[in-house]
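**Q** See model_24.txt below, with compact mmCIF, C-alpha atoms.
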# COMPACT_ATOMS: atom_id res chain seq x y z
CA MET U 1 26.11 4.59 8.12
CA MET U 2 23.64 7.47 8.36
CA ASN U 3 25.74 9.38 5.81
CA LYS U 4 24.26 7.16 3.12
CA TRP U 5 20.92 8.87 3.71
CA LYS U 6 20.44 12.57 3.66
CA LYS U 7 17.14 14.26 4.31
CA GLY U 8 15.94 15.94 1.12
CA LEU U 9 17.39 13.44 -1.36
CA LYS U 10 15.11 13.17 -4.40
CA THR U 11 14.74 10.89 -7.39
CA PRO U 12 14.36 12.32 -10.88
CA VAL U 13 10.76 12.74 -12.04
CA GLU U 14 9.51 9.81 -14.11
CA LYS U 15 6.48 9.50 -16.36
CA ILE U 16 4.09 6.68 -15.60
CA ARG U 17 0.99 5.42 -17.35
CA ILE U 18 -0.92 2.42 -16.06
CA SER U 19 -2.99 0.45 -18.53
CA GLU U 20 -6.37 -1.16 -17.95
CA THR U 21 -4.65 -4.54 -18.37
CA ASP U 22 -2.15 -3.68 -15.62
CA VAL U 23 -5.01 -2.90 -13.25
CA ALA U 24 -7.01 -5.96 -14.27
CA ASN U 25 -4.02 -8.21 -13.58
CA TYR U 26 -3.34 -6.56 -10.23
CA CYS U 27 -7.00 -6.91 -9.23
CA THR U 28 -7.07 -10.57 -10.17
CA PHE U 29 -4.01 -11.12 -8.02
CA ILE U 30 -5.39 -9.38 -4.91
CA GLY U 31 -8.82 -10.98 -5.31
CA GLU U 32 -10.61 -7.81 -6.35
CA SER U 33 -13.56 -8.79 -8.52
CA SER U 34 -15.48 -5.51 -8.82
CA ALA U 35 -16.41 -4.29 -12.29
CA LEU U 36 -15.21 -0.86 -11.13
CA TYR U 37 -11.67 -1.94 -12.07
CA LYS U 38 -12.56 -3.71 -15.32
CA ASP U 39 -15.48 -1.97 -16.97
CA LYS U 40 -14.89 1.64 -18.01
CA ALA U 41 -18.59 2.35 -18.55
CA TYR U 42 -19.37 1.11 -15.04
CA ALA U 43 -16.49 3.16 -13.58
CA ILE U 44 -17.85 6.29 -15.27
CA LYS U 45 -21.31 5.48 -13.95
CA CYS U 46 -19.75 5.31 -10.46
CA GLY U 47 -18.42 8.85 -10.97
CA TYR U 48 -14.87 8.23 -12.18
CA GLU U 49 -13.29 9.63 -15.35
CA GLY U 50 -12.18 6.14 -16.29
CA ILE U 51 -11.05 2.96 -14.61
CA PRO U 52 -9.47 3.96 -11.30
CA LEU U 53 -6.36 2.38 -9.83
CA PRO U 54 -6.92 0.55 -6.53
CA TYR U 55 -5.53 2.83 -3.85
CA THR U 56 -2.67 0.47 -2.99
CA TYR U 57 -1.50 0.32 -6.61
CA ALA U 58 0.67 3.39 -6.02
CA SER U 59 2.98 1.26 -3.87
CA LEU U 60 4.13 -0.44 -7.08
CA PHE U 61 5.44 2.91 -8.35
CA TRP U 62 8.55 2.33 -6.24
CA GLN U 63 9.85 -0.05 -8.88
CA LYS U 64 9.46 2.59 -11.59
CA LEU U 65 11.90 4.88 -9.81
CA SER U 66 15.61 4.64 -9.48
CA ILE U 67 16.21 5.30 -5.77
CA PRO U 68 19.95 5.75 -5.30
CA TRP U 69 19.84 5.72 -1.50
CA LEU U 70 18.09 2.37 -1.27
CA ALA U 71 19.21 -0.95 -2.74
CA ASN U 72 16.75 -3.77 -3.34
CA ASP U 73 18.54 -6.07 -0.90
CA ASP U 74 18.79 -3.49 1.88
CA PRO U 75 17.45 -4.95 5.15
CA VAL U 76 14.37 -2.77 5.46
CA ILE U 77 11.00 -3.50 7.01
CA LEU U 78 7.80 -1.61 6.27
CA VAL U 79 6.57 0.17 9.38
CA GLU U 80 3.99 2.64 8.17
CA GLN U 81 2.22 3.32 4.87
CA ASN U 82 -0.07 6.29 4.35
CA PHE U 83 -1.93 7.42 1.25
CA SER U 84 -3.46 10.80 0.65
CA TYR U 85 -5.56 11.28 -2.49
CA ASP U 86 -6.62 14.67 -3.89
CA PHE U 87 -7.88 12.89 -7.01
CA PRO U 88 -8.15 9.21 -7.87
CA LEU U 89 -5.52 7.89 -10.29
CA ILE U 90 -7.02 6.77 -13.58
CA CYS U 91 -5.85 4.20 -16.15
CA GLY U 92 -4.41 5.58 -19.36
CA ILE U 93 -3.40 8.96 -17.93
CA THR U 94 0.30 9.82 -17.86
CA TYR U 95 1.44 11.06 -14.46
CA ASP U 96 4.71 12.48 -13.17
CA ILE U 97 6.04 10.63 -10.16
CA SER U 98 8.99 11.24 -7.86
CA MET U 99 10.23 10.19 -4.46
CA GLU U 100 11.86 12.16 -1.68
CA LEU U 101 13.64 11.00 1.44
CA THR U 102 11.90 13.41 3.77
CA ASN U 103 13.48 12.43 7.06
CA VAL U 104 15.99 10.13 8.69
CA ARG U 105 15.65 9.46 12.39
CA ARG U 106 17.50 7.25 14.78
CA ILE U 107 15.45 6.11 17.74
CA ARG U 108 17.66 4.18 20.15
CA GLU U 109 19.29 1.50 17.99
CA GLN U 110 16.76 1.73 15.18
CA LEU U 111 17.03 3.81 12.03
CA PHE U 112 13.83 5.04 10.39
CA LEU U 113 13.69 6.28 6.80
CA TYR U 114 10.71 8.45 5.83
CA HIS U 115 9.76 8.65 2.16
CA THR U 116 7.17 10.62 0.25
CA LEU U 117 6.12 9.62 -3.25
CA THR U 118 4.29 12.38 -5.11
CA VAL U 119 2.09 11.93 -8.17
CA LEU U 120 1.39 14.99 -10.30
CA LEU U 121 -0.75 15.63 -13.35
CA ASP U 122 0.13 18.77 -15.29
CA GLY U 123 1.86 20.06 -12.17
CA ILE U 124 -1.16 19.45 -9.93
CA LYS U 125 -0.81 17.04 -7.04
CA GLN U 126 -3.01 13.99 -7.39
CA MET U 127 -1.81 11.95 -4.45
CA THR U 128 1.05 11.33 -2.07
CA MET U 129 2.18 8.14 -0.45
CA LYS U 130 4.26 8.25 2.71
CA THR U 131 6.31 5.20 3.56
CA THR U 132 8.30 4.65 6.74
CA LEU U 133 10.94 1.97 6.58
CA LEU U 134 12.93 0.52 9.45
CA TYR U 135 16.50 -0.12 8.39
CA GLU U 136 18.00 -3.01 10.28
CA GLU U 137 21.67 -2.23 10.55
CA GLN U 138 24.10 -5.12 10.53
CA PRO U 139 26.27 -5.48 13.62
CA THR U 140 29.86 -4.43 12.90
CA MET D 1 -25.04 5.08 14.56
CA ARG D 2 -24.83 1.53 13.26
CA LEU D 3 -21.41 -0.09 13.01
CA ILE D 4 -20.87 -2.19 9.91
CA ALA D 5 -17.96 -4.61 9.76
CA ILE D 6 -16.67 -6.54 6.79
CA VAL D 7 -14.47 -9.57 7.43
CA GLN D 8 -12.34 -11.67 5.13
CA HIS D 9 -10.16 -14.67 5.96
CA LEU D 10 -6.95 -15.44 4.19
CA ILE D 11 -4.14 -17.96 4.30
CA VAL D 12 -0.81 -16.53 3.21
CA THR D 13 0.71 -18.91 0.69
CA GLU D 14 4.21 -19.13 -0.67
CA ASN D 15 2.86 -18.56 -4.16
CA LEU D 16 1.15 -15.34 -3.06
CA VAL D 17 4.40 -13.96 -1.64
CA THR D 18 6.66 -14.99 -4.52
CA THR D 19 4.21 -13.65 -7.08
CA TYR D 20 3.97 -10.34 -5.24
CA ALA D 21 7.78 -10.19 -5.07
CA ASN D 22 7.78 -10.36 -8.88
CA ILE D 23 4.94 -7.88 -9.32
CA SER D 24 6.31 -5.32 -6.87
CA GLY D 25 10.00 -5.83 -7.58
CA ASP D 26 10.57 -6.22 -3.83
CA GLN D 27 12.87 -9.24 -3.84
CA ASN D 28 14.17 -8.71 -0.33
CA LYS D 29 15.34 -12.11 0.88
CA VAL D 30 13.38 -11.90 4.14
CA HIS D 31 10.36 -12.62 1.92
CA LEU D 32 11.91 -15.39 -0.13
CA CYS D 33 14.66 -17.20 1.78
CA ILE D 34 14.06 -19.03 5.07
CA LYS D 35 17.75 -18.90 5.99
CA THR D 36 17.94 -15.13 5.54
CA ALA D 37 14.65 -14.60 7.35
CA LYS D 38 15.89 -16.61 10.34
CA GLU D 39 19.21 -14.79 10.32
CA LYS D 40 17.20 -11.56 10.64
CA GLY D 41 15.40 -12.93 13.66
CA PHE D 42 12.13 -14.00 12.02
CA GLU D 43 10.51 -17.39 12.50
CA ASP D 44 10.00 -17.85 8.75
CA ARG D 45 9.75 -15.85 5.54
CA ILE D 46 7.57 -12.81 6.01
CA ALA D 47 4.89 -11.58 3.65
CA HIS D 48 5.12 -8.11 2.15
CA GLY D 49 3.01 -5.78 4.26
CA MET D 50 1.72 -4.07 1.13
CA LEU D 51 0.55 -7.39 -0.28
CA ILE D 52 -1.79 -7.96 2.65
CA LEU D 53 -2.88 -4.32 2.74
CA ALA D 54 -3.71 -4.59 -0.98
CA ILE D 55 -5.90 -7.62 -0.28
CA HIS D 56 -7.47 -5.76 2.62
CA SER D 57 -8.23 -2.83 0.29
CA THR D 58 -10.82 -4.95 -1.52
CA LEU D 59 -13.05 -4.61 1.55
CA CYS D 60 -13.64 -0.92 0.85
CA THR D 61 -14.64 -1.33 -2.81
CA PRO D 62 -18.42 -1.41 -2.12
CA LEU D 63 -18.13 2.14 -0.73
CA LEU D 64 -16.23 3.30 -3.82
CA GLU D 65 -19.05 1.98 -5.99
CA LYS D 66 -21.64 3.86 -3.96
CA GLY D 67 -20.47 7.41 -4.44
CA TRP D 68 -17.67 7.56 -1.87
CA GLU D 69 -14.15 8.65 -2.67
CA LEU D 70 -11.17 7.48 -0.64
CA THR D 71 -9.07 10.45 0.47
CA ASN D 72 -6.83 9.17 3.25
CA VAL D 73 -5.42 5.89 4.43
CA LYS D 74 -3.10 5.42 7.38
CA SER D 75 -1.69 2.03 8.22
CA LYS D 76 0.84 0.84 10.74
CA PHE D 77 2.58 -2.53 10.62
CA VAL D 78 3.31 -3.85 14.08
CA HIS D 79 3.91 -7.58 13.80
CA PRO D 80 5.39 -9.74 11.02
CA ILE D 81 3.05 -11.77 8.81
CA TYR D 82 4.51 -15.17 7.98
CA ILE D 83 3.93 -17.49 5.07
CA HIS D 84 1.22 -19.99 6.10
CA ASP D 85 -0.32 -17.51 8.57
CA LYS D 86 -4.10 -17.52 8.74
CA LEU D 87 -5.31 -13.96 8.81
CA GLU D 88 -8.51 -12.18 9.55
CA LEU D 89 -8.91 -8.90 7.67
CA THR D 90 -11.54 -6.56 9.04
CA SER D 91 -12.89 -3.15 8.21
CA THR D 92 -15.48 -1.47 10.41
CA ILE D 93 -17.29 1.75 9.61
CA THR D 94 -16.84 3.91 12.69
CA TYR D 95 -18.31 7.20 11.53
CA HIS D 96 -20.84 8.06 8.88
CA SER D 97 -22.44 11.33 7.87
CA ALA D 98 -23.84 12.63 4.60
CA GLN D 99 -20.43 13.84 3.44
CA LYS D 100 -17.85 11.81 5.35
CA CYS D 101 -17.26 8.26 6.38
CA THR D 102 -14.40 6.62 8.28
CA ALA D 103 -13.51 2.96 8.57
CA THR D 104 -10.90 0.98 10.42
CA ILE D 105 -8.25 -1.30 8.97
CA LEU D 106 -7.36 -4.35 11.00
CA CYS D 107 -5.43 -7.52 10.31
CA THR D 108 -4.99 -10.17 13.00
CA ASN D 109 -3.28 -13.54 12.82
CA PHE D 110 -4.56 -16.84 14.20
CA HIS D 111 -3.00 -16.06 17.57
CA ASN D 112 -5.34 -13.06 17.57
CA LYS D 113 -2.31 -10.80 17.40
CA THR D 114 -2.69 -7.55 15.47
CA THR D 115 -0.29 -7.46 12.54
CA PHE D 116 -1.37 -4.11 11.12
CA TYR D 117 -4.05 -1.57 11.74
CA GLY D 118 -5.14 1.77 10.42
CA LYS D 119 -7.91 4.03 9.27
CA MET D 120 -9.55 5.05 6.00
CA VAL D 121 -11.37 8.31 5.32
CA PHE D 122 -13.94 8.66 2.55
CA VAL D 123 -15.79 11.73 1.32
CA ARG D 124 -18.91 11.89 -0.79
CA ARG D 125 -17.98 12.34 -4.45
CA SER D 126 -18.99 15.70 -5.86
CA LYS D 127 -21.35 15.43 -8.83
CA ASN D 128 -19.67 17.57 -11.50
Could you express the structure from this file as structure tokens?
**A**
Amino acid sequence: MMNKWKKGLKTPVEKIRISETDVANYCTFIGESSALYKDKAYAIKCGYEGIPLPYTYASLFWQKLSIPWLANDDPVILVEQNFSYDFPLICGITYDISMELTNVRRIREQLFLYHTLTVLLDGIKQMTMKTTLLYEEQPT
Amino acid sequence: MRLIAIVQHLIVTENLVTTYANISGDQNKVHLCIKTAKEKGFEDRIAHGMLILAIHSTLCTPLLEKGWELTNVKSKFVHPIYIHDKLELTSTITYHSAQKCTATILCTNFHNKTTFYGKMVFVRRSKN
């Protein structure tokens, strides 16, 4: 079963651009009411170049990528989620995103899959998101 | 140093989970089908961890409006969150200096069991 996953597997790089409407809808859904995510002038006054993406928004980038080693109905559970920002992500900017399977570890009967999503702008890292998934293997 | 805690209460609804499944594209049946969830050993359908962390993230917005920039977030999910769970989301500022600030992430259910926890690091935004 572990052959399905190989450390170092990578997705192709995809372009992504999040609109102000996308962020507004996401914020409404999570109950975020701050003008920081709706009003560009206010966001600039707060020190941003434009409307920033809420830090958890990057987790939605998974769906923008075709991840050949992981099917949507795979029995995986989120164990750990880490975000590291060099720069905030801003609405309307086109970023390059990609995902790498950085490690595969079996601890006793449990299989852990370690992923890193990287977001670049003109080749410069903006943020990374590290996701650890527990794969629940089916008894054979 | 003065500790400042922000608390929010939340009931996880079916609508919240199904809507997030559509938004995120995570249609894993443990979130949507009771039968599948029980077959996997859960008591009921479980909420997406990222859904609840996203709701928790709203607690840190006041800092982002006051000149702080979020640089690091670490979160660990240790107990399933079920549909209909009543949750308490908390963030407490544990360290604060002129240039750096740290805050905890904590989510407990109504049995007072921790479902996820973590830490956020903020730095003062540079004025360019």
**Q** Quick one: contact table of chain U to chain D, 6 Å max, nearest atom pair and distance in Å to one decimal per residue, counting all atoms listed in the file, chain and number order, as a tab-separated table?
**A**
residue	atom	partner	partner_atom	distance
U:Ile30	CA	D:Ile55	CA	5.0
U:Glu32	CA	D:Thr58	CA	5.6
U:Cys46	CA	D:Glu65	CA	5.6
U:Thr56	CA	D:Ala54	CA	5.5
U:Leu60	CA	D:Ser24	CA	5.3
U:Gln63	CA	D:Gly25	CA	5.9
U:Asp73	CA	D:Asn28	CA	5.1
U:Val79	CA	D:Phe77	CA	5.0
U:Glu80	CA	D:Lys76	CA	4.4
U:Gln81	CA	D:Ser75	CA	5.3
U:Asn82	CA	D:Lys74	CA	4.4
U:Phe83	CA	D:Val73	CA	5.0
U:Ser84	CA	D:Asn72	CA	4.6
U:Tyr85	CA	D:Thr71	CA	4.7
**Q** One decimal, Å: what's the distance from CA of Ala41 (chain U) over to CA of Tyr95 (chain U), could you say?
**A**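 Answer for the CA of Ala41 (chain U) to CA of Tyr95 (chain U) separation: 22.2 Å.
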**Q** Determine, counting only C-alpha atoms, every residue of protein, DNA or RNA that lies within 12 Å of (11.5, 2.3, 10.7) in the file coordinates, then give the result as a PyMOL selection string.
**A** (chain U and resi 75-81+103-115+131-137) or (chain D and resi 76-78)
**Q** Any idea what's packed within 12 Å of Lys125 (chain U), counting all atoms listed in the file, ignoring anything in its chain fewer than 5 positions away? Could you give it as a list in words?
**A**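 The filter keeps Ser84, Tyr85, Asp86, Phe87, Pro88, Leu89, Tyr95, Asp96, Ile97, Ser98, Leu117, Thr118, Val119 and Leu120 of chain U.
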**Q** Can you write out the residues you just picked, keeping C-alpha atoms, as a short mmCIF file (atom, residue, chain, number, x, y, z; two decimals), in the coordinates of the input?
**A**
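Saved to again_13.cif:
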data_model
loop_
_atom_site.label_atom_id
_atom_site.label_comp_id
_atom_site.auth_asym_id
_atom_site.auth_seq_id
_atom_site.Cartn_x
_atom_site.Cartn_y
_atom_site.Cartn_z
CA SER U 84 -3.46 10.80 0.65
CA TYR U 85 -5.56 11.28 -2.49
CA ASP U 86 -6.62 14.67 -3.89
CA PHE U 87 -7.88 12.89 -7.01
CA PRO U 88 -8.15 9.21 -7.87
CA LEU U 89 -5.52 7.89 -10.29
CA TYR U 95 1.44 11.06 -14.46
CA ASP U 96 4.71 12.48 -13.17
CA ILE U 97 6.04 10.63 -10.16
CA SER U 98 8.99 11.24 -7.86
CA LEU U 117 6.12 9.62 -3.25
CA THR U 118 4.29 12.38 -5.11
CA VAL U 119 2.09 11.93 -8.17
CA LEU U 120 1.39 14.99 -10.30
#
**Q** Quick one: distance from CA of Ile67 (chain U) to CA of Thr36 (chain D) in Å, one decimal?
**A**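 Straight-line distance from CA of Ile67 (chain U) to CA of Thr36 (chain D) works out to 23.4 Å.
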**Q** Grab the CA of Gln99 (chain D) to CA of Ser33 (chain U) distance for me, in Å with one decimal place.
**A** 26.5 Å
